[in-house]
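I have placed the structure first, in the form of structure tokens, so that the comments after it can refer back to it.
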Amino acid sequence: MASINLTEQIILEMIEEDLVTADNWDGTDEVRSWVADGIDELCAFGKFYRRLLSIPLRGGAPIYQFSPTKDVVISVRSAWLRNQNRTLECIDFGKLLRRDPRWLKTRGSPWEYFILDFTKFGVYPCYADDQDIVEIDAIMFPEPYVSDEGPVEVRSDYRGALTAYCKSMLYLRIPGRNDDAMNQYREFLSLTGGARKFVQDIDKVRMKRKLGIDE
Amino acid sequence: MTTVATSITRIRRLVKDVDSDVFTDARLLRLYNRSRTRLFRETRLRVRGAVLPNPSVIFYGICHRWEKGSVSGLSTWEPFFIEAVNYYICTQPWEVQSTVGASVVDADGGYVVSATHDIIHAEHQNLVPHVLPSDFHSLLYIAWQDKCIYVKLKDWIMDYDTNWKNKQSDEVLFAYLDLHPGERKFVPFPCPTYESTEISRAGAIGAGFLSYVESGDPDDLDWDSGSVGAVYDITKINPEDEGSGAVMEVATSSTGFTVFFICVPEDVAATTETDILPRPFRKYIEFLAASDALMSDTDMKDRKKAQFLQLRYRMGAQLISGLMQRLRSSRVYRLEALGEHLYPRAGRRRPVLPAGYPRLDW
């Protein structure tokens, strides 16, 4: 697995720029920030970064929050009640309100969970006192990279997409390379797959440019 | 946690103005805030819970319309109710005292007071508007003493009970929203009984304007802590001290209103502040802000790049909305019997779990 340093070097070599003498950007910090963005975008499209979160349930507390600086949950695959050995089912918050308008007062062993936003979730019903642990199998964004030698946790078949994304952002910084930036981003979308609509949108931008009145 | 200054630097890189030759930090911060508000509104990505207290004392104040930020030049004054928090301006007791003189009860149970040059009308004392937090955008749920309140139109409540203005009870059933521009209030019905005695309740009808004299304990509530949402927010734990996966609980109240709502946070005031938006989504704000900057009439104007960045923002907003929708929607798993193509003999048919069912580890 390539380190983040190596990834940066590969990208800069591909656009034929030297990391040390490049004057179009602010050095490695900038390149690294685009690499981090690319990884986030890939995780949103590919949903391959998974973690298991263990959260103790407190009595009378139906709503919980993931630590907002570290864990941003994209999708929840399952929630497992450890001591009860069973799965919680996901329910829509609105549906829960219609079914039990007094859900805040209902107490018992939980059998459902609901998601409020990217950082908050709730269980229904909640326990009357502190007990049990819920294990959430979640698809997430990885934490930002701090080490130069940290491995880039991207699946090997998405490496090309990551490179294309970073090249797109770097071309945006070089004067007169907007077309290349769009091409690279289009390449990124086609490599990630499932984004045909967005590719068409990029074509629309290009057509607007060609047919503009003031051109 | 990164500050907004990091985002401003990244915007500068996108608009090729790293040395601040064209755009000042203040201008980019304004663009950042505008883009941020737009992202929060379009994607509805943040839900917040707040506990609003039922005030023990209610104050009645008088305020010019222009003092509330409305258009000036109106000759009438508008009285309104104020909870025991520092929300509206111009609530000095002397203002009230100066207008107390001749007050009469009108047909709706409200009060009409003749001041020197103005006639002032106050609503019935049971119509107490509760102010929603300042970052309120749209409502998901209101509960009174942990029991759900149904939000209805005001006309519906008037049809439901023609004597509704005179009702007080601890069992609040309905509420209607008052969401005019600049207003974020809801009015519960029946009016909940207050925790402590106050003169306006005990006094004779018609003495409404005297009720600014408190009889409850003013120390019940924190007077100097700003808006309602700031004081009675959910109990937070410092995320920097936490490991992964935990934890915050909503402190629901058995004596107040619990509200869940989509929130649009207030603007970031300075670049040294941290943004509550999750880090992976911050880049879309930067794209939109950079797009706006590139579309402005400066030496940096670049329409094509601006359109591309705007497209990137739109894609990001759609992505977030899609993820939110999938994250919030319920997944109901039912046992299904497979068809003939997998189990040709009828005797071997059996219910199986569907493909997306969560893992079973026992």
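We name chains A, B, ... following the order of the structure tokens; residues begin at 1 in each chain, and ligands are numbered from 1 as shown.
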Using only C-alpha atoms, which residues sit within 12 Å of Phe93 (chain A) once same-chain residues fewer than 3 positions away are excluded, as a short mmCIF file (atom, residue, chain, number, x, y, z; two decimals) with N, CA and C atoms, in the first residue's frame?
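And here is the file that came out, part.cif:
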```
data_model
loop_
_atom_site.label_atom_id
_atom_site.label_comp_id
_atom_site.auth_asym_id
_atom_site.auth_seq_id
_atom_site.Cartn_x
_atom_site.Cartn_y
_atom_site.Cartn_z
N ILE A 63 -30.55 9.79 22.58
CA ILE A 63 -29.78 10.34 21.47
C ILE A 63 -28.29 10.30 21.80
N CYS A 90 -33.12 -0.34 11.47
CA CYS A 90 -33.11 1.11 11.22
C CYS A 90 -34.53 1.58 10.94
N LEU A 96 -41.02 6.85 13.31
CA LEU A 96 -41.00 6.60 14.76
C LEU A 96 -41.94 7.58 15.48
N LEU A 97 -41.92 8.85 15.06
CA LEU A 97 -42.78 9.83 15.72
C LEU A 97 -44.25 9.50 15.51
N ARG A 98 -44.58 9.01 14.32
CA ARG A 98 -45.99 8.66 14.07
C ARG A 98 -46.39 7.43 14.88
N ARG A 99 -45.47 6.50 15.02
CA ARG A 99 -45.82 5.27 15.72
C ARG A 99 -45.90 5.49 17.23
N ASP A 100 -44.92 6.21 17.76
CA ASP A 100 -44.91 6.43 19.21
C ASP A 100 -44.59 7.90 19.49
N PRO A 101 -45.60 8.74 19.59
CA PRO A 101 -45.34 10.15 19.86
C PRO A 101 -44.65 10.38 21.20
N TRP A 103 -42.10 8.77 22.43
CA TRP A 103 -40.90 7.93 22.36
C TRP A 103 -39.85 8.35 23.36
N GLU A 112 -34.76 -0.80 17.89
CA GLU A 112 -34.60 -0.03 16.66
C GLU A 112 -33.62 1.11 16.89
N TYR A 113 -33.03 1.58 15.82
CA TYR A 113 -32.21 2.79 15.90
C TYR A 113 -32.61 3.72 14.76
N PHE A 114 -32.33 5.00 14.95
CA PHE A 114 -32.63 5.98 13.89
C PHE A 114 -31.46 6.94 13.80
N ILE A 115 -31.31 7.51 12.63
CA ILE A 115 -30.22 8.44 12.37
C ILE A 115 -30.80 9.83 12.20
N LEU A 116 -30.23 10.79 12.92
CA LEU A 116 -30.70 12.16 12.78
C LEU A 116 -29.87 12.93 11.75
N ASP A 117 -28.56 12.84 11.87
CA ASP A 117 -27.70 13.43 10.85
C ASP A 117 -26.38 12.69 10.86
N LYS A 120 -25.29 12.19 14.63
CA LYS A 120 -26.18 11.82 15.73
C LYS A 120 -27.05 10.63 15.37
N PHE A 121 -27.24 9.78 16.33
CA PHE A 121 -28.17 8.68 16.14
C PHE A 121 -28.90 8.43 17.46
N GLY A 122 -29.98 7.69 17.38
CA GLY A 122 -30.75 7.41 18.59
C GLY A 122 -31.20 5.97 18.61
N VAL A 123 -31.54 5.49 19.80
CA VAL A 123 -32.07 4.14 19.92
C VAL A 123 -33.49 4.25 20.49
N TYR A 124 -34.31 3.29 20.10
CA TYR A 124 -35.69 3.28 20.58
C TYR A 124 -36.09 1.86 20.95
N VAL B 47 -29.11 18.31 12.38
CA VAL B 47 -30.29 18.28 13.26
C VAL B 47 -29.81 18.59 14.67
N LEU B 140 -38.81 19.51 13.43
CA LEU B 140 -39.03 18.08 13.32
C LEU B 140 -39.98 17.58 14.41
N TYR B 141 -39.83 18.11 15.63
CA TYR B 141 -40.55 17.50 16.74
C TYR B 141 -40.57 18.46 17.92
N PHE B 260 -36.69 19.26 18.46
CA PHE B 260 -35.71 18.78 17.49
C PHE B 260 -35.97 19.52 16.19
N PHE B 261 -34.94 20.04 15.60
CA PHE B 261 -35.15 20.85 14.40
C PHE B 261 -33.93 20.78 13.49
N GLN B 325 -30.38 11.12 2.85
CA GLN B 325 -31.66 10.45 2.63
C GLN B 325 -31.52 8.95 2.90
N LEU B 327 -29.26 7.55 4.75
CA LEU B 327 -28.91 7.33 6.14
C LEU B 327 -30.14 7.38 7.03
N ARG B 328 -31.04 8.30 6.71
CA ARG B 328 -32.21 8.49 7.59
C ARG B 328 -33.34 7.53 7.30
N SER B 329 -33.42 7.02 6.08
CA SER B 329 -34.61 6.25 5.74
C SER B 329 -34.54 4.88 6.39
N SER B 330 -35.71 4.36 6.69
CA SER B 330 -35.76 3.08 7.41
C SER B 330 -35.53 1.93 6.45
N ARG B 331 -34.95 0.90 6.98
CA ARG B 331 -34.76 -0.32 6.20
C ARG B 331 -35.52 -1.44 6.90
#
```
* Name the residues of region 103-193 of chain A that fall into helix (DSSP H, G or I) according to DSSP on the backbone, using the chain letters and numbers of this document, as a PyMOL selection string. => chain A and resi 156-173+178-192
* With a distance cut-off of 12 Å and only C-alpha atoms, select the neighbouring residues of region 2-7 of chain A, excluding the residue or stretch itself and same-chain residues fewer than 6 positions from it, and output the selection as a ChimeraX atom specification. => /A:13-14,19,28-29,31-36,38-39,144-156,159-160,162-164,166-167
* Long-range neighbours of region 15-23 of chain B as a VMD selection string, 9 Å cut-off, only C-alpha atoms, 5 positions minimum in chain -> (chain A and resid 24 to 26 173 to 174) or (chain B and resid 9 to 10 28 290 to 291 293 to 294 298 to 302)
Identify all residues of region 16-190 of chain A in strand (DSSP E) (DSSP on the backbone) and supply them as a CSV table (one decimal) with all heavy atoms, in the first residue's frame.
```csv
chain,number,residue,atom,x,y,z
A,50,ARG,N,-14.5,1.1,6.4
A,50,ARG,CA,-15.5,0.7,7.5
A,50,ARG,C,-14.8,0.6,8.8
A,50,ARG,O,-13.6,0.3,8.9
A,50,ARG,CB,-16.0,-0.7,7.1
A,50,ARG,CG,-17.0,-0.7,6.0
A,50,ARG,CD,-17.3,-2.1,5.5
A,50,ARG,NE,-18.0,-2.9,6.6
A,50,ARG,CZ,-18.3,-4.1,6.5
A,50,ARG,NH1,-18.1,-4.7,5.3
A,50,ARG,NH2,-18.9,-4.8,7.5
A,51,ARG,N,-15.6,0.9,9.8
A,51,ARG,CA,-15.1,0.8,11.2
A,51,ARG,C,-16.3,0.3,12.1
A,51,ARG,O,-17.4,0.5,11.8
A,51,ARG,CB,-14.6,2.1,11.7
A,51,ARG,CG,-13.2,2.4,11.3
A,51,ARG,CD,-12.7,3.6,11.9
A,51,ARG,NE,-12.6,3.5,13.4
A,51,ARG,CZ,-12.5,4.6,14.2
A,51,ARG,NH1,-12.4,5.8,13.7
A,51,ARG,NH2,-12.5,4.4,15.5
A,52,LEU,N,-15.9,-0.3,13.2
A,52,LEU,CA,-16.8,-0.8,14.1
A,52,LEU,C,-16.8,0.1,15.4
A,52,LEU,O,-15.7,0.3,16.0
A,52,LEU,CB,-16.5,-2.2,14.5
A,52,LEU,CG,-17.6,-2.9,15.3
A,52,LEU,CD1,-18.8,-3.2,14.5
A,52,LEU,CD2,-17.1,-4.3,15.8
A,53,LEU,N,-17.9,0.8,15.7
A,53,LEU,CA,-17.9,1.7,16.8
A,53,LEU,C,-18.7,1.1,17.9
A,53,LEU,O,-19.8,0.6,17.7
A,53,LEU,CB,-18.6,3.0,16.4
A,53,LEU,CG,-18.1,3.7,15.1
A,53,LEU,CD1,-18.9,4.9,14.8
A,53,LEU,CD2,-16.6,4.2,15.4
A,54,SER,N,-18.1,1.0,19.1
A,54,SER,CA,-18.8,0.5,20.3
A,54,SER,C,-19.2,1.6,21.2
A,54,SER,O,-18.4,2.4,21.6
A,54,SER,CB,-17.8,-0.4,21.1
A,54,SER,OG,-17.4,-1.5,20.2
A,55,ILE,N,-20.5,1.7,21.4
A,55,ILE,CA,-21.0,2.8,22.2
A,55,ILE,C,-21.8,2.3,23.3
A,55,ILE,O,-22.8,1.6,23.2
A,55,ILE,CB,-21.9,3.7,21.3
A,55,ILE,CG1,-21.1,4.3,20.1
A,55,ILE,CG2,-22.6,4.8,22.0
A,55,ILE,CD1,-21.8,5.0,19.1
A,56,PRO,N,-21.4,2.7,24.6
A,56,PRO,CA,-22.2,2.3,25.7
A,56,PRO,C,-23.5,3.0,25.8
A,56,PRO,O,-23.6,4.3,25.5
A,56,PRO,CB,-21.3,2.6,26.9
A,56,PRO,CG,-20.4,3.7,26.4
A,56,PRO,CD,-20.2,3.5,24.9
A,63,ILE,N,-30.6,9.8,22.6
A,63,ILE,CA,-29.8,10.3,21.5
A,63,ILE,C,-28.3,10.3,21.8
A,63,ILE,O,-27.9,10.6,22.9
A,63,ILE,CB,-30.2,11.8,21.2
A,63,ILE,CG1,-31.7,11.9,21.1
A,63,ILE,CG2,-29.5,12.3,20.0
A,63,ILE,CD1,-32.3,11.5,19.8
A,64,TYR,N,-27.5,9.9,20.8
A,64,TYR,CA,-26.0,9.8,21.0
A,64,TYR,C,-25.4,10.5,19.8
A,64,TYR,O,-26.0,10.7,18.8
A,64,TYR,CB,-25.6,8.4,21.1
A,64,TYR,CG,-26.1,7.7,22.3
A,64,TYR,CD1,-27.4,7.1,22.3
A,64,TYR,CD2,-25.4,7.7,23.5
A,64,TYR,CE1,-27.9,6.5,23.4
A,64,TYR,CE2,-26.0,7.0,24.6
A,64,TYR,CZ,-27.2,6.5,24.5
A,64,TYR,OH,-27.7,5.9,25.6
A,65,GLN,N,-24.1,10.9,20.1
A,65,GLN,CA,-23.4,11.6,19.0
A,65,GLN,C,-22.0,10.9,18.8
A,65,GLN,O,-21.3,10.7,19.8
A,65,GLN,CB,-23.2,13.1,19.4
A,65,GLN,CG,-22.6,13.8,18.2
A,65,GLN,CD,-22.4,15.3,18.6
A,65,GLN,OE1,-22.2,15.6,19.7
A,65,GLN,NE2,-22.5,16.2,17.6
A,72,VAL,N,-17.0,10.7,11.0
A,72,VAL,CA,-18.1,11.2,10.2
A,72,VAL,C,-18.7,10.0,9.5
A,72,VAL,O,-18.0,9.4,8.6
A,72,VAL,CB,-17.7,12.3,9.2
A,72,VAL,CG1,-18.9,12.7,8.4
A,72,VAL,CG2,-17.0,13.4,9.9
A,73,VAL,N,-19.8,9.6,9.9
A,73,VAL,CA,-20.4,8.4,9.4
A,73,VAL,C,-21.2,8.7,8.1
A,73,VAL,O,-22.0,9.6,8.0
A,73,VAL,CB,-21.4,7.8,10.4
A,73,VAL,CG1,-22.1,6.6,9.9
A,73,VAL,CG2,-20.6,7.4,11.7
A,74,ILE,N,-20.9,7.9,7.1
A,74,ILE,CA,-21.6,8.1,5.8
A,74,ILE,C,-22.8,7.2,5.8
A,74,ILE,O,-23.9,7.5,5.3
A,74,ILE,CB,-20.7,7.7,4.6
A,74,ILE,CG1,-19.4,8.5,4.6
A,74,ILE,CG2,-21.4,7.9,3.3
A,74,ILE,CD1,-18.4,8.0,3.6
A,75,SER,N,-22.6,6.0,6.3
A,75,SER,CA,-23.7,5.0,6.2
A,75,SER,C,-23.5,4.0,7.3
A,75,SER,O,-22.4,3.7,7.7
A,75,SER,CB,-23.6,4.3,4.8
A,75,SER,OG,-24.5,3.2,4.8
A,76,VAL,N,-24.6,3.5,7.8
A,76,VAL,CA,-24.6,2.5,8.8
A,76,VAL,C,-25.1,1.2,8.3
A,76,VAL,O,-26.1,1.1,7.7
A,76,VAL,CB,-25.5,2.9,10.0
A,76,VAL,CG1,-25.6,1.8,11.0
A,76,VAL,CG2,-25.1,4.2,10.7
A,77,ARG,N,-24.2,0.2,8.3
A,77,ARG,CA,-24.5,-1.1,7.8
A,77,ARG,C,-25.4,-1.9,8.7
A,77,ARG,O,-26.3,-2.6,8.3
A,77,ARG,CB,-23.3,-1.9,7.4
A,77,ARG,CG,-22.5,-1.3,6.3
A,77,ARG,CD,-21.2,-2.1,6.1
A,77,ARG,NE,-21.4,-3.5,5.8
A,77,ARG,CZ,-21.7,-4.0,4.6
A,77,ARG,NH1,-21.7,-3.2,3.6
A,77,ARG,NH2,-21.8,-5.3,4.5
A,78,SER,N,-25.0,-1.9,10.0
A,78,SER,CA,-25.8,-2.6,11.0
A,78,SER,C,-25.5,-2.1,12.4
A,78,SER,O,-24.5,-1.5,12.6
A,78,SER,CB,-25.5,-4.1,10.9
A,78,SER,OG,-24.2,-4.4,11.4
A,79,ALA,N,-26.4,-2.3,13.3
A,79,ALA,CA,-26.2,-2.0,14.7
A,79,ALA,C,-26.5,-3.2,15.5
A,79,ALA,O,-27.6,-3.9,15.3
A,79,ALA,CB,-27.2,-0.9,15.1
A,80,TRP,N,-25.6,-3.6,16.4
A,80,TRP,CA,-25.7,-4.9,17.0
A,80,TRP,C,-25.7,-4.6,18.5
A,80,TRP,O,-24.8,-3.9,19.1
A,80,TRP,CB,-24.4,-5.7,16.7
A,80,TRP,CG,-24.3,-7.0,17.3
A,80,TRP,CD1,-23.5,-7.4,18.3
A,80,TRP,CD2,-25.0,-8.2,16.9
A,80,TRP,NE1,-23.6,-8.7,18.6
A,80,TRP,CE2,-24.5,-9.2,17.8
A,80,TRP,CE3,-25.9,-8.5,15.9
A,80,TRP,CZ2,-25.0,-10.5,17.7
A,80,TRP,CZ3,-26.4,-9.8,15.8
A,80,TRP,CH2,-25.9,-10.8,16.7
A,81,LEU,N,-26.7,-5.2,19.2
A,81,LEU,CA,-26.8,-5.0,20.7
A,81,LEU,C,-26.0,-6.2,21.3
A,81,LEU,O,-26.3,-7.3,21.2
A,81,LEU,CB,-28.2,-5.1,21.1
A,81,LEU,CG,-28.6,-4.3,22.3
A,81,LEU,CD1,-28.2,-2.8,22.2
A,81,LEU,CD2,-30.1,-4.4,22.5
A,86,ARG,N,-28.4,-9.4,19.4
A,86,ARG,CA,-29.4,-9.2,18.3
A,86,ARG,C,-29.1,-7.9,17.6
A,86,ARG,O,-28.5,-7.0,18.1
A,86,ARG,CB,-30.8,-9.3,18.8
A,86,ARG,CG,-31.2,-8.3,19.8
A,86,ARG,CD,-32.6,-8.6,20.3
A,86,ARG,NE,-32.9,-7.9,21.5
A,86,ARG,CZ,-33.2,-6.6,21.5
A,86,ARG,NH1,-33.3,-5.9,20.4
A,86,ARG,NH2,-33.5,-6.0,22.7
A,87,THR,N,-29.7,-7.8,16.4
A,87,THR,CA,-29.5,-6.7,15.6
A,87,THR,C,-30.7,-5.6,15.8
A,87,THR,O,-31.8,-6.0,16.0
A,87,THR,CB,-29.6,-7.1,14.1
A,87,THR,OG1,-28.6,-8.1,13.9
A,87,THR,CG2,-29.4,-6.0,13.2
A,88,LEU,N,-30.3,-4.4,15.8
A,88,LEU,CA,-31.3,-3.3,15.8
A,88,LEU,C,-31.7,-3.0,14.4
A,88,LEU,O,-30.8,-2.9,13.5
A,88,LEU,CB,-30.8,-2.1,16.5
A,88,LEU,CG,-30.3,-2.2,17.9
A,88,LEU,CD1,-29.8,-0.9,18.5
A,88,LEU,CD2,-31.4,-2.8,18.8
A,89,GLU,N,-32.9,-2.7,14.1
A,89,GLU,CA,-33.3,-2.3,12.8
A,89,GLU,C,-33.4,-0.8,12.7
A,89,GLU,O,-33.7,-0.1,13.6
A,89,GLU,CB,-34.7,-2.9,12.5
A,89,GLU,CG,-34.7,-4.4,12.2
A,89,GLU,CD,-35.7,-4.8,11.3
A,89,GLU,OE1,-36.7,-4.0,11.1
A,89,GLU,OE2,-35.6,-5.9,10.7
A,90,CYS,N,-33.1,-0.3,11.5
A,90,CYS,CA,-33.1,1.1,11.2
A,90,CYS,C,-34.5,1.6,10.9
A,90,CYS,O,-35.3,1.0,10.2
A,90,CYS,CB,-32.2,1.4,10.0
A,90,CYS,SG,-32.1,3.1,9.7
A,112,GLU,N,-34.8,-0.8,17.9
A,112,GLU,CA,-34.6,0.0,16.7
A,112,GLU,C,-33.6,1.1,16.9
A,112,GLU,O,-33.4,1.6,18.0
A,112,GLU,CB,-35.9,0.6,16.2
A,112,GLU,CG,-36.8,-0.5,15.5
A,112,GLU,CD,-38.2,0.0,15.4
A,112,GLU,OE1,-38.7,0.9,16.1
A,112,GLU,OE2,-38.9,-0.5,14.5
A,113,TYR,N,-33.0,1.6,15.8
A,113,TYR,CA,-32.2,2.8,15.9
A,113,TYR,C,-32.6,3.7,14.8
A,113,TYR,O,-33.2,3.3,13.8
A,113,TYR,CB,-30.7,2.5,15.8
A,113,TYR,CG,-30.2,2.0,14.5
A,113,TYR,CD1,-29.6,2.9,13.6
A,113,TYR,CD2,-30.3,0.7,14.1
A,113,TYR,CE1,-29.2,2.5,12.4
A,113,TYR,CE2,-29.9,0.3,12.8
A,113,TYR,CZ,-29.3,1.2,12.0
A,113,TYR,OH,-28.9,0.8,10.8
A,114,PHE,N,-32.3,5.0,14.9
A,114,PHE,CA,-32.6,6.0,13.9
A,114,PHE,C,-31.5,6.9,13.8
A,114,PHE,O,-30.7,7.2,14.7
A,114,PHE,CB,-33.9,6.7,14.2
A,114,PHE,CG,-34.0,7.4,15.5
A,114,PHE,CD1,-33.6,8.7,15.7
A,114,PHE,CD2,-34.5,6.7,16.6
A,114,PHE,CE1,-33.6,9.2,17.0
A,114,PHE,CE2,-34.5,7.2,17.9
A,114,PHE,CZ,-34.1,8.5,18.1
A,115,ILE,N,-31.3,7.5,12.6
A,115,ILE,CA,-30.2,8.4,12.4
A,115,ILE,C,-30.8,9.8,12.2
A,115,ILE,O,-31.7,10.0,11.4
A,115,ILE,CB,-29.5,8.0,11.1
A,115,ILE,CG1,-29.0,6.6,11.1
A,115,ILE,CG2,-28.3,9.0,10.9
A,115,ILE,CD1,-27.9,6.3,12.0
A,116,LEU,N,-30.2,10.8,12.9
A,116,LEU,CA,-30.7,12.2,12.8
A,116,LEU,C,-29.9,12.9,11.8
A,116,LEU,O,-30.4,13.6,10.9
A,116,LEU,CB,-30.6,12.9,14.1
A,116,LEU,CG,-31.7,12.5,15.1
A,116,LEU,CD1,-31.4,13.2,16.5
A,116,LEU,CD2,-33.1,12.7,14.6
A,117,ASP,N,-28.6,12.8,11.9
A,117,ASP,CA,-27.7,13.4,10.9
A,117,ASP,C,-26.4,12.7,10.9
A,117,ASP,O,-26.3,11.6,11.4
A,117,ASP,CB,-27.6,14.9,11.0
A,117,ASP,CG,-26.9,15.3,12.3
A,117,ASP,OD1,-26.3,14.4,13.0
A,117,ASP,OD2,-26.9,16.5,12.7
A,120,LYS,N,-25.3,12.2,14.6
A,120,LYS,CA,-26.2,11.8,15.7
A,120,LYS,C,-27.1,10.6,15.4
A,120,LYS,O,-27.5,10.5,14.3
A,120,LYS,CB,-27.1,13.0,16.1
A,120,LYS,CG,-26.4,14.2,16.6
A,120,LYS,CD,-27.4,15.3,17.0
A,120,LYS,CE,-26.7,16.6,17.2
A,120,LYS,NZ,-26.3,17.2,15.9
A,121,PHE,N,-27.2,9.8,16.3
A,121,PHE,CA,-28.2,8.7,16.1
A,121,PHE,C,-28.9,8.4,17.5
A,121,PHE,O,-28.5,8.9,18.5
A,121,PHE,CB,-27.4,7.4,15.7
A,121,PHE,CG,-26.8,6.7,16.8
A,121,PHE,CD1,-27.4,5.5,17.3
A,121,PHE,CD2,-25.6,7.1,17.3
A,121,PHE,CE1,-26.7,4.8,18.3
A,121,PHE,CE2,-24.9,6.4,18.3
A,121,PHE,CZ,-25.5,5.3,18.8
A,122,GLY,N,-30.0,7.7,17.4
A,122,GLY,CA,-30.8,7.4,18.6
A,122,GLY,C,-31.2,6.0,18.6
A,122,GLY,O,-31.2,5.3,17.6
A,123,VAL,N,-31.5,5.5,19.8
A,123,VAL,CA,-32.1,4.1,19.9
A,123,VAL,C,-33.5,4.2,20.5
A,123,VAL,O,-33.8,5.2,21.2
A,123,VAL,CB,-31.2,3.3,20.9
A,123,VAL,CG1,-29.9,3.0,20.2
A,123,VAL,CG2,-31.1,3.9,22.2
A,124,TYR,N,-34.3,3.3,20.1
A,124,TYR,CA,-35.7,3.3,20.6
A,124,TYR,C,-36.1,1.9,20.9
A,124,TYR,O,-35.9,1.0,20.1
A,124,TYR,CB,-36.6,3.8,19.5
A,124,TYR,CG,-38.1,3.6,19.9
A,124,TYR,CD1,-38.7,4.5,20.8
A,124,TYR,CD2,-38.8,2.5,19.3
A,124,TYR,CE1,-40.0,4.2,21.1
A,124,TYR,CE2,-40.1,2.3,19.7
A,124,TYR,CZ,-40.7,3.2,20.6
A,124,TYR,OH,-42.0,2.9,20.9
A,133,ILE,N,-24.1,-2.4,25.3
A,133,ILE,CA,-23.3,-1.7,24.4
A,133,ILE,C,-23.8,-1.9,23.0
A,133,ILE,O,-24.2,-3.1,22.6
A,133,ILE,CB,-21.8,-2.1,24.5
A,133,ILE,CG1,-21.2,-1.6,25.8
A,133,ILE,CG2,-21.0,-1.6,23.3
A,133,ILE,CD1,-19.9,-2.2,26.1
A,134,VAL,N,-23.9,-0.9,22.2
A,134,VAL,CA,-24.4,-1.1,20.8
A,134,VAL,C,-23.1,-1.0,19.9
A,134,VAL,O,-22.3,0.0,20.1
A,134,VAL,CB,-25.5,-0.1,20.4
A,134,VAL,CG1,-25.0,1.4,20.5
A,134,VAL,CG2,-26.0,-0.4,19.0
A,135,GLU,N,-23.0,-1.9,19.0
A,135,GLU,CA,-21.8,-1.9,18.1
A,135,GLU,C,-22.4,-1.5,16.7
A,135,GLU,O,-23.2,-2.2,16.2
A,135,GLU,CB,-21.2,-3.3,18.0
A,135,GLU,CG,-20.5,-3.8,19.2
A,135,GLU,CD,-20.0,-5.2,19.1
A,135,GLU,OE1,-20.3,-5.9,18.2
A,135,GLU,OE2,-19.2,-5.6,20.0
A,136,ILE,N,-21.8,-0.4,16.2
A,136,ILE,CA,-22.3,0.1,15.0
A,136,ILE,C,-21.3,-0.2,13.9
A,136,ILE,O,-20.1,0.2,14.0
A,136,ILE,CB,-22.6,1.6,15.1
A,136,ILE,CG1,-23.8,1.7,16.0
A,136,ILE,CG2,-22.8,2.2,13.7
A,136,ILE,CD1,-24.3,3.1,16.1
A,137,ASP,N,-21.7,-0.9,12.9
A,137,ASP,CA,-20.8,-1.2,11.8
A,137,ASP,C,-21.0,-0.1,10.8
A,137,ASP,O,-22.1,-0.1,10.1
A,137,ASP,CB,-21.2,-2.6,11.2
A,137,ASP,CG,-20.2,-3.0,10.1
A,137,ASP,OD1,-19.3,-2.2,9.8
A,137,ASP,OD2,-20.4,-4.0,9.5
A,138,ALA,N,-20.1,0.8,10.7
A,138,ALA,CA,-20.4,2.0,9.9
A,138,ALA,C,-19.4,2.2,8.8
A,138,ALA,O,-18.2,1.8,8.9
A,138,ALA,CB,-20.3,3.2,10.8
A,139,ILE,N,-19.8,2.8,7.7
A,139,ILE,CA,-18.9,3.3,6.6
A,139,ILE,C,-18.7,4.7,6.9
A,139,ILE,O,-19.6,5.5,7.1
A,139,ILE,CB,-19.6,3.1,5.3
A,139,ILE,CG1,-19.8,1.6,5.1
A,139,ILE,CG2,-18.8,3.7,4.2
A,139,ILE,CD1,-20.7,1.2,3.9
A,140,MET,N,-17.4,5.1,6.9
A,140,MET,CA,-17.0,6.4,7.3
A,140,MET,C,-16.0,7.1,6.4
A,140,MET,O,-15.5,6.5,5.5
A,140,MET,CB,-16.4,6.3,8.7
A,140,MET,CG,-17.0,5.3,9.6
A,140,MET,SD,-16.3,5.2,11.2
A,140,MET,CE,-16.7,6.8,11.8
A,141,PHE,N,-15.7,8.3,6.7
A,141,PHE,CA,-14.6,9.0,6.2
A,141,PHE,C,-13.4,8.7,7.1
A,141,PHE,O,-13.5,8.8,8.3
A,141,PHE,CB,-14.8,10.5,6.1
A,141,PHE,CG,-15.8,10.9,5.2
A,141,PHE,CD1,-17.0,11.5,5.6
A,141,PHE,CD2,-15.6,10.8,3.8
A,141,PHE,CE1,-18.0,11.9,4.7
A,141,PHE,CE2,-16.5,11.2,2.9
A,141,PHE,CZ,-17.7,11.8,3.3
```
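Of the residues listed (B:Cys191, B:Ala317, B:Leu179, B:Cys263), B:Cys191 shows the shortest atom-to-atom separation from Trp144 (chain B); distances use only C-alpha atoms.
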* **From B:Ala269, B:Leu309, B:Val187, B:Ser321, residue lying nearest Ser168 (chain A) [only C-alpha atoms]** => B:Leu309
* To do: Determine, counting only C-alpha atoms, which protein, DNA and RNA residues have an atom within 12 Å of an atom of Trp156 (chain B); residues of the same chain fewer than 4 positions away are not included. Present the result as a PyMOL selection string.
  => chain B and resi 150-152+160-162+164+174-176+189
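Ranking A:Ile11, A:Ile91, A:Cys43, A:Leu57 by their shortest atom-to-atom distance to chain B, with only C-alpha atoms included, puts A:Ile91 first.
With only C-alpha atoms taken into account, the protein and nucleic acid residues at most 7 Å from region 178-192 of chain A (excluding it and anything under 6 positions from it in its own chain) are Phe45, Ala161, Ala164, Tyr165, Lys167, Ser168, Met169, Tyr171, Leu172 and Val199 of chain A; Lys305 of chain B.
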